[in-house]
Each structure stands twice: as structure tokens, then as C-alpha cells.
Amino acid sequence: MTNHPNRSKAKRITWRRENGGSLTALLPNGQEWTFSRPGGGYVYCDFGSARNHGTLGKQICYGGGLRGSTISERSDAAFERAVKKWLADYRRDDPNFEWC
């Protein structure tokens, strides 16, 4: 085990599978981001309003952004890998992203 400050359990993201194939990231600061792919294609992220049904959120794109080449995944395994990769890229590239 490492003593790196960003590896503590308090800073880890936990994941929850939702009905309908969505995946929710439970962030250490209490936010919940729900990723979905309605119709089995393009991936959307609902930033913190998982309980507000009727909205898809924003399409996510390769490289951790919301503009550019949109992510589209058909299989469950590819969807999960793409979402986790996108969130890692987003965290790395956004200087204003705060955990707590």
C-alpha cells in the first residue's frame, strides 16, 4: 500500500449500477454523477441530478471533455471502461475539480 495522498479511501470514487444499465459515480464530495446510454449508443452524464428524471445530461467525449468526438459504446463492459476512462481524464484535465 502506498502513502500517496490521493490514494486514501476518502478520495476514492465508488460505483453503483442502476436499473436500466446506468452507472453512477459516487464522488467523495457527496455528488452523484449518473452515466447512461439511452438506446444503447451515445454516453451521457447527468452531473449531480440523478433524481431529476427526464433529462439525459450532457454527452461525454473522448479525452475527458464535453466537446469533440462523442463516446458511443454498445456492450456493457465497453460502456463501463469508457465511463471510468472519461472520468479519469476529466479529473486530470479540470483544474477546478474539487473532491471535498
# chains A, B, ... in the order shown; residues from 1 in each chain; ligands from 1
>>> residues_around(residues="Ile71 in chain A", least_positions_apart="4", cutoff="8 Å", atoms="only C-alpha atoms", output="PDB file with N, CA and C atoms, in the first residue's frame")
ATOM      1  N   TYR A  42     -24.818   6.507 -27.669  1.00  0.00           N
ATOM      2  CA  TYR A  42     -24.054   7.629 -27.122  1.00  0.00           C
ATOM      3  C   TYR A  42     -24.168   7.692 -25.602  1.00  0.00           C
ATOM      4  N   VAL A  43     -23.056   8.055 -24.951  1.00  0.00           N
ATOM      5  CA  VAL A  43     -22.992   8.073 -23.494  1.00  0.00           C
ATOM      6  C   VAL A  43     -23.236   9.494 -22.989  1.00  0.00           C
ATOM      7  N   GLN A  59     -23.705  14.914 -23.350  1.00  0.00           N
ATOM      8  CA  GLN A  59     -22.916  13.869 -23.994  1.00  0.00           C
ATOM      9  C   GLN A  59     -21.462  14.034 -23.610  1.00  0.00           C
ATOM     10  N   ILE A  60     -20.802  12.919 -23.315  1.00  0.00           N
ATOM     11  CA  ILE A  60     -19.384  12.983 -22.981  1.00  0.00           C
ATOM     12  C   ILE A  60     -18.559  12.606 -24.200  1.00  0.00           C
ATOM     13  N   CYS A  61     -17.355  13.156 -24.264  1.00  0.00           N
ATOM     14  CA  CYS A  61     -16.485  12.980 -25.423  1.00  0.00           C
ATOM     15  C   CYS A  61     -15.132  12.420 -25.015  1.00  0.00           C
ATOM     16  N   TYR A  62     -14.467  11.793 -25.963  1.00  0.00           N
ATOM     17  CA  TYR A  62     -13.144  11.234 -25.703  1.00  0.00           C
ATOM     18  C   TYR A  62     -12.202  12.306 -25.180  1.00  0.00           C
ATOM     19  N   ALA A  82     -15.289   2.852 -20.776  1.00  0.00           N
ATOM     20  CA  ALA A  82     -15.289   4.198 -21.358  1.00  0.00           C
ATOM     21  C   ALA A  82     -15.651   5.258 -20.321  1.00  0.00           C
TER      22      ALA A  82
END
>>> residues_around(residues="Ala88 in chain A", least_positions_apart="4", cutoff="8 Å", atoms="only C-alpha atoms", output="list in words")
Gly64, Lys84 and Arg92 of chain A
>>> select_by_dssp(residues="range 19-100 of chain A", states="helix (DSSP H, G or I)", output="list in words")
Asn19, Gly20, Gly21, Pro38, Gly39, Gly40, Asp76, Ala77, Ala78, Phe79, Glu80, Arg81, Ala82, Val83, Lys84, Lys85, Trp86, Leu87, Ala88, Asp89, Tyr90, Arg91, Arg92 and Asp93 of chain A
>>> residues_around(residues="Leu23 in chain A", least_positions_apart="3", cutoff="6 Å", atoms="only C-alpha atoms", output="PyMOL selection string")
chain A and resi 16-18+34-35
>>> residues_around(residues="Glu32 in chain A", least_positions_apart="2", cutoff="6 Å", atoms="only C-alpha atoms", output="list in words")
Ala25, Leu26 and Gly48 of chain A
>>> write_last_selection(atoms="C-alpha atoms", output="PDB file, in the first residue's frame")
ATOM      1  CA  ALA A  25     -20.210   7.578  -9.693  1.00  0.00           C
ATOM      2  CA  LEU A  26     -20.413   8.469  -6.006  1.00  0.00           C
ATOM      3  CA  GLY A  48     -25.444  15.623  -9.848  1.00  0.00           C
TER       4      GLY A  48
END
>>> residues_around(residues="Gly41 in chain A", least_positions_apart="2", cutoff="12 Å", atoms="only C-alpha atoms", output="PyMOL selection string")
chain A and resi 21+35-39+43-44+59-60+70-76+78-79
>>> closest_residue(among="A:Thr24, A:Ser69, A:Asn19, A:Thr14", to="Val83 in chain A", atoms="only C-alpha atoms")
A:Thr24
>>> decode(residues="range 6-77 of chain A", atoms="C-alpha atoms", output="PDB file, in the first residue's frame")
ATOM      1  CA  ASN A   6      -4.642  10.825  -3.477  1.00  0.00           C
ATOM      2  CA  ARG A   7      -4.898   7.106  -2.768  1.00  0.00           C
ATOM      3  CA  SER A   8      -6.699   7.292   0.565  1.00  0.00           C
ATOM      4  CA  LYS A   9     -10.186   5.785   0.800  1.00  0.00           C
ATOM      5  CA  ALA A  10     -11.646   9.231   1.436  1.00  0.00           C
ATOM      6  CA  LYS A  11     -10.698  10.307  -2.099  1.00  0.00           C
ATOM      7  CA  ARG A  12     -11.899   7.225  -3.956  1.00  0.00           C
ATOM      8  CA  ILE A  13     -14.879   7.073  -6.254  1.00  0.00           C
ATOM      9  CA  THR A  14     -17.366   4.313  -5.613  1.00  0.00           C
ATOM     10  CA  TRP A  15     -19.606   2.991  -8.361  1.00  0.00           C
ATOM     11  CA  ARG A  16     -23.208   1.858  -8.330  1.00  0.00           C
ATOM     12  CA  ARG A  17     -25.096   0.071 -11.097  1.00  0.00           C
ATOM     13  CA  GLU A  18     -28.601   1.403 -11.657  1.00  0.00           C
ATOM     14  CA  ASN A  19     -31.651  -0.261 -13.168  1.00  0.00           C
ATOM     15  CA  GLY A  20     -31.612   0.106 -16.918  1.00  0.00           C
ATOM     16  CA  GLY A  21     -27.837  -0.228 -17.234  1.00  0.00           C
ATOM     17  CA  SER A  22     -26.829   3.210 -15.955  1.00  0.00           C
ATOM     18  CA  LEU A  23     -23.693   3.630 -13.871  1.00  0.00           C
ATOM     19  CA  THR A  24     -23.469   6.177 -11.025  1.00  0.00           C
ATOM     20  CA  ALA A  25     -20.210   7.578  -9.693  1.00  0.00           C
ATOM     21  CA  LEU A  26     -20.413   8.469  -6.006  1.00  0.00           C
ATOM     22  CA  LEU A  27     -17.796  11.172  -5.573  1.00  0.00           C
ATOM     23  CA  PRO A  28     -16.038  11.801  -2.235  1.00  0.00           C
ATOM     24  CA  ASN A  29     -17.606  15.279  -2.032  1.00  0.00           C
ATOM     25  CA  GLY A  30     -21.095  13.759  -1.975  1.00  0.00           C
ATOM     26  CA  GLN A  31     -22.035  14.390  -5.607  1.00  0.00           C
ATOM     27  CA  GLU A  32     -23.545  11.658  -7.744  1.00  0.00           C
ATOM     28  CA  TRP A  33     -22.911  11.630 -11.485  1.00  0.00           C
ATOM     29  CA  THR A  34     -25.031   9.178 -13.454  1.00  0.00           C
ATOM     30  CA  PHE A  35     -23.815   7.881 -16.797  1.00  0.00           C
ATOM     31  CA  SER A  36     -26.300   6.367 -19.223  1.00  0.00           C
ATOM     32  CA  ARG A  37     -26.591   5.356 -22.851  1.00  0.00           C
ATOM     33  CA  PRO A  38     -30.209   5.581 -23.910  1.00  0.00           C
ATOM     34  CA  GLY A  39     -30.814   3.382 -26.904  1.00  0.00           C
ATOM     35  CA  GLY A  40     -27.508   1.618 -26.269  1.00  0.00           C
ATOM     36  CA  GLY A  41     -25.334   4.191 -28.029  1.00  0.00           C
ATOM     37  CA  TYR A  42     -24.054   7.629 -27.122  1.00  0.00           C
ATOM     38  CA  VAL A  43     -22.992   8.073 -23.494  1.00  0.00           C
ATOM     39  CA  TYR A  44     -24.471  10.877 -21.382  1.00  0.00           C
ATOM     40  CA  CYS A  45     -23.588  12.186 -17.926  1.00  0.00           C
ATOM     41  CA  ASP A  46     -26.156  13.693 -15.595  1.00  0.00           C
ATOM     42  CA  PHE A  47     -23.969  15.845 -13.329  1.00  0.00           C
ATOM     43  CA  GLY A  48     -25.444  15.623  -9.848  1.00  0.00           C
ATOM     44  CA  SER A  49     -29.127  15.469 -10.679  1.00  0.00           C
ATOM     45  CA  ALA A  50     -29.638  11.712 -10.773  1.00  0.00           C
ATOM     46  CA  ARG A  51     -33.015  12.067  -9.119  1.00  0.00           C
ATOM     47  CA  ASN A  52     -34.334  14.519 -11.712  1.00  0.00           C
ATOM     48  CA  HIS A  53     -35.741  12.070 -14.220  1.00  0.00           C
ATOM     49  CA  GLY A  54     -36.469  13.200 -17.751  1.00  0.00           C
ATOM     50  CA  THR A  55     -33.074  14.682 -18.503  1.00  0.00           C
ATOM     51  CA  LEU A  56     -30.226  12.859 -20.202  1.00  0.00           C
ATOM     52  CA  GLY A  57     -27.488  15.218 -19.115  1.00  0.00           C
ATOM     53  CA  LYS A  58     -24.610  16.060 -21.430  1.00  0.00           C
ATOM     54  CA  GLN A  59     -22.916  13.869 -23.994  1.00  0.00           C
ATOM     55  CA  ILE A  60     -19.384  12.983 -22.981  1.00  0.00           C
ATOM     56  CA  CYS A  61     -16.485  12.980 -25.423  1.00  0.00           C
ATOM     57  CA  TYR A  62     -13.144  11.234 -25.703  1.00  0.00           C
ATOM     58  CA  GLY A  63     -10.363  12.849 -23.703  1.00  0.00           C
ATOM     59  CA  GLY A  64     -12.465  13.847 -20.696  1.00  0.00           C
ATOM     60  CA  GLY A  65     -14.380  16.693 -22.273  1.00  0.00           C
ATOM     61  CA  LEU A  66     -17.884  17.622 -23.344  1.00  0.00           C
ATOM     62  CA  ARG A  67     -16.900  18.737 -26.840  1.00  0.00           C
ATOM     63  CA  GLY A  68     -15.335  16.762 -29.609  1.00  0.00           C
ATOM     64  CA  SER A  69     -15.725  13.146 -30.617  1.00  0.00           C
ATOM     65  CA  THR A  70     -18.645  11.710 -28.630  1.00  0.00           C
ATOM     66  CA  ILE A  71     -18.325   8.358 -26.913  1.00  0.00           C
ATOM     67  CA  SER A  72     -20.615   5.607 -28.162  1.00  0.00           C
ATOM     68  CA  GLU A  73     -20.460   2.123 -26.663  1.00  0.00           C
ATOM     69  CA  ARG A  74     -22.796  -0.807 -27.212  1.00  0.00           C
ATOM     70  CA  SER A  75     -21.590  -3.510 -24.812  1.00  0.00           C
ATOM     71  CA  ASP A  76     -21.861  -3.203 -21.031  1.00  0.00           C
ATOM     72  CA  ALA A  77     -18.151  -3.873 -20.500  1.00  0.00           C
TER      73      ALA A  77
END
